[in-house]
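See structure below.
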Amino acid sequence: MEKGDIIKLQIDTFTDDGKLVETTDETKAKENGIYDEHYSYKPLLTIVGSGRLFSDLEEDIAKANVGEEREITIPPERAFGVRDTNNVRVTSYREVERALREEQRRRGNNGNDVVPEPGMSVKIGDKYGKILTVTAGRVVIDFNHPLAGKSIKYRYKILEKVEGDEKKIQAIIEINYPKDSDKFKVEVGDEIVITIPDSAKIDDSWLLAKFAIVGAVREYVANKTIIFKEIFEKRVEEKKEEKEEAKAAS
């Protein structure tokens, strides 16, 4: 593989005790009791050398061929870091309770019955942490990454190298804006025209994704003018007879 190649990976992540903690394979996730119904299990799209993966893994992928199975183990300091006791903090019960309720409401639940308990994940400010203990008036939260202090083993296989400008651009869209990425239409000529779906028109996160897509397309596909097209279909008027029937019925 070369820097800038866009590839699809089947990849499994293990901790140093051999436990599978993440996978792109739905069957493996179910067999190992880590299945998440909210996660989309499919090959990982990435750009070789783009810095999206740990540098040790990136370097190993650069040596791989399509269809070849490989393994690499990365020490803690080059993976998710060593555990830092300064990242274990005491927070007020009320603040944690409020944060949990807000998270539930964002997910469409009322959040009124949420009670902080050990093992729960909570976001305080801009950091996620795991609740360790709950006592009267205070909660101890570990803000270290769950895999901090562990060596990580990756077992992976490159399934495909994406070829062709249109497919590469579609892949870049999926990497940066996975939601409804299959609904984007890409046309490549003297200019690159990307027609966006209705869902992206009203999504605040699309604005940031759009600039990331432009940068990646220019760096890894082609330095061309890029046009994002929004289409608003004309309103279909009711037929005159239907209007008269509706008026008579009322």
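Residues are referred to by chain and number: the chain letter is A, B, ... according to the order shown in the structure tokens, the number counts from 1 in that chain, and ligands are numbered separately from 1 in the order shown.
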
### Task
For region 202-207 of chain A, please output as a list in words all residues within 12 Å (counting only C-alpha atoms; exclusion window: fewer than 2 positions along the same chain).
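Near region 202-207 of chain A, the qualifying residues are Ile173, Glu174, Asn176, Tyr177, Pro178, Lys179, Asp180, Ser181, Ile196, Pro197, Asp198, Ser199, Ala200, Ala209, Lys210, Phe211, Ala212, Ile213, Val214, Phe228 and Glu230 of chain A.
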
### Message
Using only C-alpha atoms, which protein or nucleic acid residues come within 6 Å of region 46-52 of chain A? Drop anything in the same chain fewer than 5 positions from it, and give the result as number ranges by chain.
### Response
A: 3-7

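When only C-alpha atoms are used to compute distances to Val221 (chain A), the closest of the residues A:Leu53, A:Val188, A:Val139, A:Ile194 turns out to be A:Val188.
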
#### Entry: Among listed residues A:Glu2, A:Ile72, A:Asp60, A:Leu9, nearest Arg155 (chain A) (using only C-alpha atoms)
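Of A:Glu2, A:Ile72, A:Asp60, A:Leu9, the one nearest Arg155 (chain A) is A:Ile72, counting only C-alpha atoms.
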
### Residues within 12 Å of Val122 (chain A), only C-alpha atoms, excluding chain neighbours under 6 positions, as JSON, numbers by chain
{"A": [91, 93, 95, 96, 97, 98, 99, 100, 101, 102, 103, 104, 114, 115, 116, 128, 129, 130, 131, 132, 139, 140, 141, 142, 143]}

Take the residues just selected and output them with N, CA, C and O atoms as a compact mmCIF listing (two decimals), in the first residue's frame.
```txt
# COMPACT_ATOMS: atom_id res chain seq x y z
N THR A 91 -16.47 14.30 41.43
CA THR A 91 -17.44 15.26 40.89
C THR A 91 -18.70 15.21 41.75
O THR A 91 -19.02 14.17 42.32
N TYR A 93 -22.46 14.86 42.94
CA TYR A 93 -23.54 13.96 42.54
C TYR A 93 -24.52 14.68 41.62
O TYR A 93 -24.96 14.14 40.61
N GLU A 95 -24.08 17.24 39.62
CA GLU A 95 -23.54 17.51 38.29
C GLU A 95 -23.60 16.26 37.42
O GLU A 95 -23.95 16.32 36.24
N VAL A 96 -23.25 15.12 38.01
CA VAL A 96 -23.28 13.86 37.26
C VAL A 96 -24.72 13.49 36.91
O VAL A 96 -25.02 13.08 35.79
N GLU A 97 -25.62 13.65 37.87
CA GLU A 97 -27.03 13.34 37.63
C GLU A 97 -27.58 14.21 36.49
O GLU A 97 -28.29 13.71 35.61
N ARG A 98 -27.24 15.48 36.50
CA ARG A 98 -27.70 16.40 35.45
C ARG A 98 -27.14 16.00 34.09
O ARG A 98 -27.85 16.01 33.08
N ALA A 99 -25.85 15.63 34.05
CA ALA A 99 -25.23 15.23 32.79
C ALA A 99 -25.87 13.97 32.22
O ALA A 99 -26.10 13.86 31.01
N LEU A 100 -26.16 13.01 33.09
CA LEU A 100 -26.80 11.77 32.65
C LEU A 100 -28.20 12.03 32.10
O LEU A 100 -28.61 11.45 31.09
N ARG A 101 -28.93 12.91 32.76
CA ARG A 101 -30.28 13.24 32.29
C ARG A 101 -30.26 13.93 30.94
O ARG A 101 -31.08 13.64 30.06
N GLU A 102 -29.32 14.86 30.78
CA GLU A 102 -29.21 15.56 29.49
C GLU A 102 -28.88 14.60 28.36
O GLU A 102 -29.41 14.72 27.25
N GLU A 103 -28.00 13.62 28.65
CA GLU A 103 -27.64 12.63 27.64
C GLU A 103 -28.86 11.79 27.25
O GLU A 103 -29.09 11.51 26.07
N GLN A 104 -29.65 11.39 28.25
CA GLN A 104 -30.85 10.60 27.97
C GLN A 104 -31.85 11.40 27.14
O GLN A 104 -32.49 10.86 26.23
N VAL A 114 -33.03 8.62 35.81
CA VAL A 114 -31.62 8.24 35.74
C VAL A 114 -30.96 8.43 37.11
O VAL A 114 -31.08 9.48 37.73
N VAL A 115 -30.27 7.39 37.56
CA VAL A 115 -29.55 7.44 38.84
C VAL A 115 -28.10 7.03 38.58
O VAL A 115 -27.84 5.97 38.01
N PRO A 116 -27.11 7.86 38.96
CA PRO A 116 -25.70 7.50 38.76
C PRO A 116 -25.35 6.19 39.46
O PRO A 116 -25.65 6.01 40.64
N TYR A 128 -15.54 12.22 28.29
CA TYR A 128 -16.31 11.06 28.74
C TYR A 128 -15.51 10.31 29.80
O TYR A 128 -14.29 10.21 29.72
N GLY A 129 -16.21 9.79 30.79
CA GLY A 129 -15.56 9.01 31.82
C GLY A 129 -16.45 7.89 32.30
O GLY A 129 -17.64 7.82 31.96
N LYS A 130 -15.87 7.01 33.11
CA LYS A 130 -16.60 5.88 33.67
C LYS A 130 -16.74 6.07 35.18
O LYS A 130 -15.78 6.36 35.88
N ILE A 131 -17.99 5.94 35.66
CA ILE A 131 -18.24 6.10 37.08
C ILE A 131 -17.65 4.92 37.84
O ILE A 131 -17.95 3.76 37.54
N LEU A 132 -16.80 5.22 38.83
CA LEU A 132 -16.18 4.17 39.64
C LEU A 132 -16.97 3.91 40.93
O LEU A 132 -17.29 2.77 41.25
N VAL A 139 -19.30 11.69 43.34
CA VAL A 139 -19.10 10.56 42.44
C VAL A 139 -17.65 10.57 41.96
O VAL A 139 -17.12 11.63 41.59
N VAL A 140 -17.00 9.41 41.99
CA VAL A 140 -15.63 9.29 41.49
C VAL A 140 -15.69 8.78 40.05
O VAL A 140 -16.29 7.74 39.77
N ILE A 141 -15.07 9.56 39.14
CA ILE A 141 -15.12 9.24 37.71
C ILE A 141 -13.70 9.06 37.16
O ILE A 141 -12.80 9.85 37.46
N ASP A 142 -13.53 8.02 36.37
CA ASP A 142 -12.25 7.75 35.71
C ASP A 142 -12.34 8.26 34.27
O ASP A 142 -13.08 7.72 33.45
N PHE A 143 -11.56 9.32 33.97
CA PHE A 143 -11.58 9.90 32.63
C PHE A 143 -10.48 9.34 31.74
O PHE A 143 -10.30 9.82 30.62
```

#### Entry: Pairwise distance for CA of Ile175 (chain A) and CA of Glu71 (chain A), rounded to one decimal in Å
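Spanning CA of Ile175 (chain A) to CA of Glu71 (chain A) is a straight-line distance of 23.4 Å.
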
### Query
Separation of CA of Asp165 (chain A) and CA of Ala62 (chain A), in Å?
21.0 Å

#### Entry: Residues of region 96-126 of chain A in alpha helix (DSSP H), written as an MDAnalysis selection string
chainID A and resid 96:106

Suppose we keep N, CA and C atoms; can you now write the selection as a compact mmCIF listing (two decimals), in the first residue's frame?
```txt
# COMPACT_ATOMS: atom_id res chain seq x y z
N VAL A 96 -23.25 15.12 38.01
CA VAL A 96 -23.28 13.86 37.26
C VAL A 96 -24.72 13.49 36.91
N GLU A 97 -25.62 13.65 37.87
CA GLU A 97 -27.03 13.34 37.63
C GLU A 97 -27.58 14.21 36.49
N ARG A 98 -27.24 15.48 36.50
CA ARG A 98 -27.70 16.40 35.45
C ARG A 98 -27.14 16.00 34.09
N ALA A 99 -25.85 15.63 34.05
CA ALA A 99 -25.23 15.23 32.79
C ALA A 99 -25.87 13.97 32.22
N LEU A 100 -26.16 13.01 33.09
CA LEU A 100 -26.80 11.77 32.65
C LEU A 100 -28.20 12.03 32.10
N ARG A 101 -28.93 12.91 32.76
CA ARG A 101 -30.28 13.24 32.29
C ARG A 101 -30.26 13.93 30.94
N GLU A 102 -29.32 14.86 30.78
CA GLU A 102 -29.21 15.56 29.49
C GLU A 102 -28.88 14.60 28.36
N GLU A 103 -28.00 13.62 28.65
CA GLU A 103 -27.64 12.63 27.64
C GLU A 103 -28.86 11.79 27.25
N GLN A 104 -29.65 11.39 28.25
CA GLN A 104 -30.85 10.60 27.97
C GLN A 104 -31.85 11.40 27.14
N ARG A 105 -32.00 12.67 27.44
CA ARG A 105 -32.93 13.50 26.68
C ARG A 105 -32.48 13.69 25.25
N ARG A 106 -31.16 13.77 25.04
CA ARG A 106 -30.64 13.86 23.67
C ARG A 106 -30.97 12.61 22.88
```

### Task
Give the strand (DSSP E) residues of region 70-227 of chain A, as assigned by DSSP on the backbone, as an MDAnalysis selection string.
chainID A and resid 70:74 88:92 121:124 127:135 138:142 152:161 185:188 192:195 226:227

### Task
Identify which of the residues A:Phe184, A:Glu37, A:Glu166, A:Ile226 lies closest to Lys201 (chain A), counting only C-alpha atoms when measuring atom-to-atom distances.
A:Phe184

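Each of A:Thr24, A:Asn32, A:Gln10, A:Ser151 was checked against Thr73 (chain A) using only C-alpha atoms; the smallest atom-to-atom distance is that of A:Ser151.
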
### Query
Pick the closest to Phe80 (chain A) from A:Ile34, A:Val193, A:Ala29, A:Leu147: which is it, counting only C-alpha atoms?
A:Leu147

#### Entry: A:Met120, A:Val217, A:Val21, A:Met1 ranked by distance to Glu59 (chain A), top pick (using only C-alpha atoms)
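Closest to Glu59 (chain A), using only C-alpha atoms: A:Met1.
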
### Query
Could you work out how far CA of Arg138 (chain A) lies from CA of Val90 (chain A), giving the answer in Å with one decimal?
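Computed distance, CA of Val90 (chain A) to CA of Arg138 (chain A), equals 6.6 Å.
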
### Task
Within 9 Å of Phe54 (chain A), counting only C-alpha atoms, which residues show up once you throw out same-chain ones fewer than 3 positions away? Write them as a PyMOL selection string, please.
chain A and resi 51+57-59+74+78-79
